[in-house]
>>> print(open('run.pdb').read())   # PDB, C-alpha atoms
ATOM      1  CA  MET T 224     142.096  79.508  57.684  1.00  0.00           C
ATOM      2  CA  PRO T 225     138.352  79.610  58.569  1.00  0.00           C
ATOM      3  CA  SER T 226     135.860  78.247  56.070  1.00  0.00           C
ATOM      4  CA  LYS T 227     133.535  80.475  54.073  1.00  0.00           C
ATOM      5  CA  THR T 228     130.610  79.148  56.136  1.00  0.00           C
ATOM      6  CA  ALA T 229     132.278  80.117  59.408  1.00  0.00           C
ATOM      7  CA  LEU T 230     133.145  83.583  58.095  1.00  0.00           C
ATOM      8  CA  GLY T 231     129.579  84.035  56.875  1.00  0.00           C
ATOM      9  CA  LEU T 232     128.233  83.055  60.299  1.00  0.00           C
ATOM     10  CA  VAL T 233     130.577  85.490  62.061  1.00  0.00           C
ATOM     11  CA  LEU T 234     129.547  88.259  59.675  1.00  0.00           C
ATOM     12  CA  ALA T 235     125.831  87.501  60.228  1.00  0.00           C
ATOM     13  CA  LEU T 236     126.252  87.502  64.024  1.00  0.00           C
ATOM     14  CA  THR T 237     128.238  90.737  63.918  1.00  0.00           C
ATOM     15  CA  THR T 238     125.507  92.377  61.829  1.00  0.00           C
ATOM     16  CA  LEU T 239     122.810  91.122  64.212  1.00  0.00           C
ATOM     17  CA  VAL T 240     124.649  92.422  67.290  1.00  0.00           C
ATOM     18  CA  ALA T 241     125.200  95.809  65.614  1.00  0.00           C
ATOM     19  CA  ALA T 242     121.486  96.022  64.761  1.00  0.00           C
ATOM     20  CA  LEU T 243     120.495  95.154  68.344  1.00  0.00           C
ATOM     21  CA  VAL T 244     122.885  97.736  69.798  1.00  0.00           C
ATOM     22  CA  ALA T 245     121.521 100.386  67.420  1.00  0.00           C
ATOM     23  CA  ALA T 246     117.931  99.489  68.335  1.00  0.00           C
ATOM     24  CA  VAL T 247     118.605  99.737  72.063  1.00  0.00           C
ATOM     25  CA  ALA T 248     120.572 102.965  71.657  1.00  0.00           C
ATOM     26  CA  GLY T 249     117.731 104.468  69.613  1.00  0.00           C
ATOM     27  CA  ALA T 250     115.048 103.488  72.096  1.00  0.00           C
ATOM     28  CA  THR T 251     113.751 106.563  73.853  1.00  0.00           C
ATOM     29  CA  SER T 252     112.660 104.715  76.948  1.00  0.00           C
ATOM     30  CA  LEU T 253     112.338 101.260  78.377  1.00  0.00           C
ATOM     31  CA  ALA T 254     110.142 102.470  81.249  1.00  0.00           C
ATOM     32  CA  GLY T 255     106.508 103.471  80.955  1.00  0.00           C
ATOM     33  CA  PRO T 256     105.096 106.740  82.238  1.00  0.00           C
ATOM     34  CA  THR T 257     104.697 107.490  85.916  1.00  0.00           C
ATOM     35  CA  ALA T 258     101.826 109.308  87.598  1.00  0.00           C
ATOM     36  CA  ILE T 259     101.800 110.676  91.134  1.00  0.00           C
ATOM     37  CA  THR T 260      98.490 111.873  92.540  1.00  0.00           C
ATOM     38  CA  GLY T 261      98.769 115.087  94.511  1.00  0.00           C
ATOM     39  CA  SER T 262      96.528 117.116  96.755  1.00  0.00           C
ATOM     40  CA  VAL T 263      93.189 118.823  96.286  1.00  0.00           C
ATOM     41  CA  THR T 264      93.121 122.616  96.287  1.00  0.00           C
ATOM     42  CA  SER T 265      90.498 125.263  95.759  1.00  0.00           C
ATOM     43  CA  ILE T 266      87.557 123.311  97.160  1.00  0.00           C
ATOM     44  CA  GLY T 267      84.281 125.137  96.916  1.00  0.00           C
ATOM     45  CA  GLY T 268      80.625 124.684  96.127  1.00  0.00           C
ATOM     46  CA  SER T 269      80.498 121.887  93.572  1.00  0.00           C
ATOM     47  CA  THR T 270      84.095 122.095  92.343  1.00  0.00           C
ATOM     48  CA  ALA T 271      87.590 121.125  93.404  1.00  0.00           C
ATOM     49  CA  SER T 272      91.005 121.361  91.768  1.00  0.00           C
ATOM     50  CA  VAL T 273      93.194 118.232  91.816  1.00  0.00           C
ATOM     51  CA  ASN T 274      96.919 118.148  91.241  1.00  0.00           C
ATOM     52  CA  GLY T 275      99.617 115.641  90.391  1.00  0.00           C
ATOM     53  CA  THR T 276     102.842 114.927  88.557  1.00  0.00           C
ATOM     54  CA  VAL T 277     103.380 112.983  85.327  1.00  0.00           C
ATOM     55  CA  ASN T 278     106.684 111.832  83.830  1.00  0.00           C
ATOM     56  CA  ALA T 279     106.353 110.544  80.262  1.00  0.00           C
ATOM     57  CA  ASN T 280     109.749 108.791  80.510  1.00  0.00           C
ATOM     58  CA  GLY T 281     110.472 109.454  76.842  1.00  0.00           C
ATOM     59  CA  SER T 282     107.211 108.152  75.350  1.00  0.00           C
ATOM     60  CA  ALA T 283     104.232 110.160  74.092  1.00  0.00           C
ATOM     61  CA  THR T 284     101.912 110.256  77.119  1.00  0.00           C
ATOM     62  CA  THR T 285      98.473 111.568  78.031  1.00  0.00           C
ATOM     63  CA  TRP T 286      96.978 112.029  81.491  1.00  0.00           C
ATOM     64  CA  GLN T 287      93.578 112.211  83.198  1.00  0.00           C
ATOM     65  CA  PHE T 288      92.160 112.175  86.687  1.00  0.00           C
ATOM     66  CA  GLU T 289      89.528 109.554  87.473  1.00  0.00           C
ATOM     67  CA  TYR T 290      87.065 110.456  90.215  1.00  0.00           C
ATOM     68  CA  GLY T 291      83.792 109.417  91.783  1.00  0.00           C
ATOM     69  CA  THR T 292      82.076 108.525  95.024  1.00  0.00           C
ATOM     70  CA  SER T 293      83.715 105.067  95.027  1.00  0.00           C
ATOM     71  CA  THR T 294      86.929 103.477  93.756  1.00  0.00           C
ATOM     72  CA  GLY T 295      84.947 102.549  90.653  1.00  0.00           C
ATOM     73  CA  TYR T 296      85.363 106.271  89.834  1.00  0.00           C
ATOM     74  CA  GLY T 297      83.025 106.784  86.847  1.00  0.00           C
ATOM     75  CA  SER T 298      84.176 110.236  85.746  1.00  0.00           C
ATOM     76  CA  ASN T 299      87.288 111.619  84.062  1.00  0.00           C
ATOM     77  CA  ALA T 300      88.759 115.104  84.028  1.00  0.00           C
ATOM     78  CA  PRO T 301      89.690 116.698  81.823  1.00  0.00           C
ATOM     79  CA  THR T 302      87.138 115.166  79.456  1.00  0.00           C
ATOM     80  CA  THR T 303      89.793 114.954  76.736  1.00  0.00           C
ATOM     81  CA  ALA T 304      93.071 113.614  78.123  1.00  0.00           C
ATOM     82  CA  GLY T 305      95.804 116.172  78.716  1.00  0.00           C
ATOM     83  CA  ASN T 306      99.079 115.891  76.804  1.00  0.00           C
ATOM     84  CA  ALA T 307     102.175 115.232  78.930  1.00  0.00           C
ATOM     85  CA  GLY T 308     104.452 115.192  75.876  1.00  0.00           C
ATOM     86  CA  SER T 309     107.337 112.741  75.597  1.00  0.00           C
ATOM     87  CA  GLY T 310     109.967 114.298  77.833  1.00  0.00           C
ATOM     88  CA  THR T 311     111.868 112.714  80.675  1.00  0.00           C
ATOM     89  CA  SER T 312     111.217 115.144  83.515  1.00  0.00           C
ATOM     90  CA  ASN T 313     108.335 115.511  85.964  1.00  0.00           C
ATOM     91  CA  GLN T 314     105.499 117.730  84.754  1.00  0.00           C
ATOM     92  CA  ALA T 315     102.959 119.253  87.140  1.00  0.00           C
ATOM     93  CA  VAL T 316      99.349 118.732  86.017  1.00  0.00           C
ATOM     94  CA  SER T 317      96.047 119.921  87.447  1.00  0.00           C
ATOM     95  CA  THR T 318      92.417 120.111  86.481  1.00  0.00           C
ATOM     96  CA  ALA T 319      89.074 121.146  87.919  1.00  0.00           C
ATOM     97  CA  LEU T 320      86.499 118.592  88.966  1.00  0.00           C
ATOM     98  CA  THR T 321      83.032 120.035  88.417  1.00  0.00           C
ATOM     99  CA  GLY T 322      79.473 118.967  89.136  1.00  0.00           C
ATOM    100  CA  LEU T 323      80.361 117.541  92.552  1.00  0.00           C
ATOM    101  CA  ASP T 324      77.590 117.034  95.083  1.00  0.00           C
ATOM    102  CA  PRO T 325      78.144 118.557  98.508  1.00  0.00           C
ATOM    103  CA  GLY T 326      78.291 115.850 101.150  1.00  0.00           C
ATOM    104  CA  PRO T 327      79.651 112.627  99.639  1.00  0.00           C
ATOM    105  CA  THR T 328      83.262 111.566  99.940  1.00  0.00           C
ATOM    106  CA  TYR T 329      85.079 111.556  96.584  1.00  0.00           C
ATOM    107  CA  HIS T 330      87.869 109.228  95.500  1.00  0.00           C
ATOM    108  CA  TYR T 331      90.325 110.360  92.825  1.00  0.00           C
ATOM    109  CA  ARG T 332      93.543 109.309  91.158  1.00  0.00           C
ATOM    110  CA  LEU T 333      95.827 110.462  88.371  1.00  0.00           C
ATOM    111  CA  THR T 334      96.439 108.121  85.421  1.00  0.00           C
ATOM    112  CA  ALA T 335      99.025 108.324  82.630  1.00  0.00           C
ATOM    113  CA  THR T 336      98.695 106.461  79.331  1.00  0.00           C
ATOM    114  CA  SER T 337     101.406 105.665  76.792  1.00  0.00           C
ATOM    115  CA  GLY T 338     101.226 103.197  73.935  1.00  0.00           C
ATOM    116  CA  GLY T 339      97.913 101.817  75.168  1.00  0.00           C
ATOM    117  CA  ASP T 340      99.269 101.071  78.660  1.00  0.00           C
ATOM    118  CA  THR T 341      97.698 102.995  81.526  1.00  0.00           C
ATOM    119  CA  VAL T 342      99.292 103.404  84.933  1.00  0.00           C
ATOM    120  CA  GLY T 343      97.411 104.766  87.895  1.00  0.00           C
ATOM    121  CA  THR T 344      98.451 105.813  91.335  1.00  0.00           C
ATOM    122  CA  THR T 345      97.158 105.304  94.802  1.00  0.00           C
ATOM    123  CA  THR T 346      93.589 106.426  95.294  1.00  0.00           C
ATOM    124  CA  TYR T 347      93.172 109.478  97.456  1.00  0.00           C
ATOM    125  CA  VAL T 348      90.016 110.201  99.352  1.00  0.00           C
ATOM    126  CA  GLN T 349      88.741 113.717  99.640  1.00  0.00           C
ATOM    127  CA  GLY T 350      86.158 114.506 102.274  1.00  0.00           C
ATOM    128  CA  ARG T 351      83.044 116.518 101.756  1.00  0.00           C
ATOM    129  CA  VAL T 352      83.155 119.169  99.084  1.00  0.00           C
TER
END
>>> encode(input="run.pdb", output="structure tokens")
Amino acid sequence: MPSKTALGLVLALTTLVAALVAAVAGATSLAGPTAITGSVTSIGGSTASVNGTVNANGSATTWQFEYGTSTGYGSNAPTTAGNAGSGTSNQAVSTALTGLDPGPTYHYRLTATSGGDTVGTTTYVQGRV
């Protein structure tokens, strides 16, 4: 017959394993959000519309486009980050870039932020506006 100490240890380990299984099962996502930068549409004058796709992967996520005349960007649109929710499917996003100067080449990318972690995608270069 096992000792009381051994039974207590087995009970403690069983409780710990059950708690870990419950924690993993209750986790909404182990992956962070994804962001895919899309194309530019509706180019005209000093504006352009940029598009992309965000997947929150189960965590509350916001999105923004960064843009500027270099890969240092310098501007964000929309000014207040858009809400991608906390779903697990791809969500199309778009916004207008305004105040662009005709002539320079603009760089832009879509970013998604969840829990303080920001992911960005490949920088795309758009020619003259």
>>> resolve_selection(input="run.pdb", expression="the PyMOL selection byres ((chain T and resi 283) around 7)", output="PDB file with C-alpha atoms, keeping the file's coordinate frame")
ATOM      1  CA  ALA T 279     106.353 110.544  80.262  1.00  0.00           C
ATOM      2  CA  GLY T 281     110.472 109.454  76.842  1.00  0.00           C
ATOM      3  CA  SER T 282     107.211 108.152  75.350  1.00  0.00           C
ATOM      4  CA  THR T 284     101.912 110.256  77.119  1.00  0.00           C
ATOM      5  CA  GLY T 308     104.452 115.192  75.876  1.00  0.00           C
ATOM      6  CA  SER T 309     107.337 112.741  75.597  1.00  0.00           C
ATOM      7  CA  SER T 337     101.406 105.665  76.792  1.00  0.00           C
TER       8      SER T 337
END
>>> resolve_selection(input="run.pdb", expression="the PyMOL selection byres ((chain T and resi 277) around 7)", output="JSON, numbers by chain")
{"T": [257, 258, 259, 275, 276, 278, 279, 307, 313, 314, 315, 335]}
>>> residues_around(input="run.pdb", residues="region 265-271 of chain T", least_positions_apart="3", cutoff="8 Å", atoms="all atoms listed in the file", output="JSON, numbers by chain")
{"T": [319, 320, 321, 322, 323, 324, 325, 352]}
>>> residues_around(input="run.pdb", residues="Ala300 (chain T)", least_positions_apart="2", cutoff="12 Å", atoms="all atoms listed in the file", output="tab-separated table (two decimals) with C-alpha atoms, keeping the file's coordinate frame")
chain	number	residue	atom	x	y	z
T	270	THR	CA	84.10	122.10	92.34
T	271	ALA	CA	87.59	121.12	93.40
T	272	SER	CA	91.00	121.36	91.77
T	273	VAL	CA	93.19	118.23	91.82
T	274	ASN	CA	96.92	118.15	91.24
T	285	THR	CA	98.47	111.57	78.03
T	286	TRP	CA	96.98	112.03	81.49
T	287	GLN	CA	93.58	112.21	83.20
T	288	PHE	CA	92.16	112.18	86.69
T	289	GLU	CA	89.53	109.55	87.47
T	290	TYR	CA	87.06	110.46	90.22
T	291	GLY	CA	83.79	109.42	91.78
T	296	TYR	CA	85.36	106.27	89.83
T	297	GLY	CA	83.02	106.78	86.85
T	298	SER	CA	84.18	110.24	85.75
T	302	THR	CA	87.14	115.17	79.46
T	303	THR	CA	89.79	114.95	76.74
T	304	ALA	CA	93.07	113.61	78.12
T	305	GLY	CA	95.80	116.17	78.72
T	316	VAL	CA	99.35	118.73	86.02
T	317	SER	CA	96.05	119.92	87.45
T	318	THR	CA	92.42	120.11	86.48
T	319	ALA	CA	89.07	121.15	87.92
T	320	LEU	CA	86.50	118.59	88.97
T	321	THR	CA	83.03	120.04	88.42
T	322	GLY	CA	79.47	118.97	89.14
T	331	TYR	CA	90.32	110.36	92.82
T	332	ARG	CA	93.54	109.31	91.16
T	333	LEU	CA	95.83	110.46	88.37
T	334	THR	CA	96.44	108.12	85.42
>>> closest_residue(input="run.pdb", among="T:Tyr329, T:Ala254, T:Asn280, T:Thr260", to="Thr294 (chain T)", atoms="all atoms listed in the file")
T:Tyr329
>>> closest_residue(input="run.pdb", among="T:Thr344, T:Gly255, T:Thr264, T:Thr292", to="Gly326 (chain T)", atoms="only C-alpha atoms")
T:Thr292
>>> atom_distance(input="run.pdb", atom1="CA of Ser293 (chain T)", atom2="CA of Gly343 (chain T)")
15.4 Å
>>> atom_distance(input="run.pdb", atom1="CA of Pro256 (chain T)", atom2="CA of Gly295 (chain T)")
22.2 Å
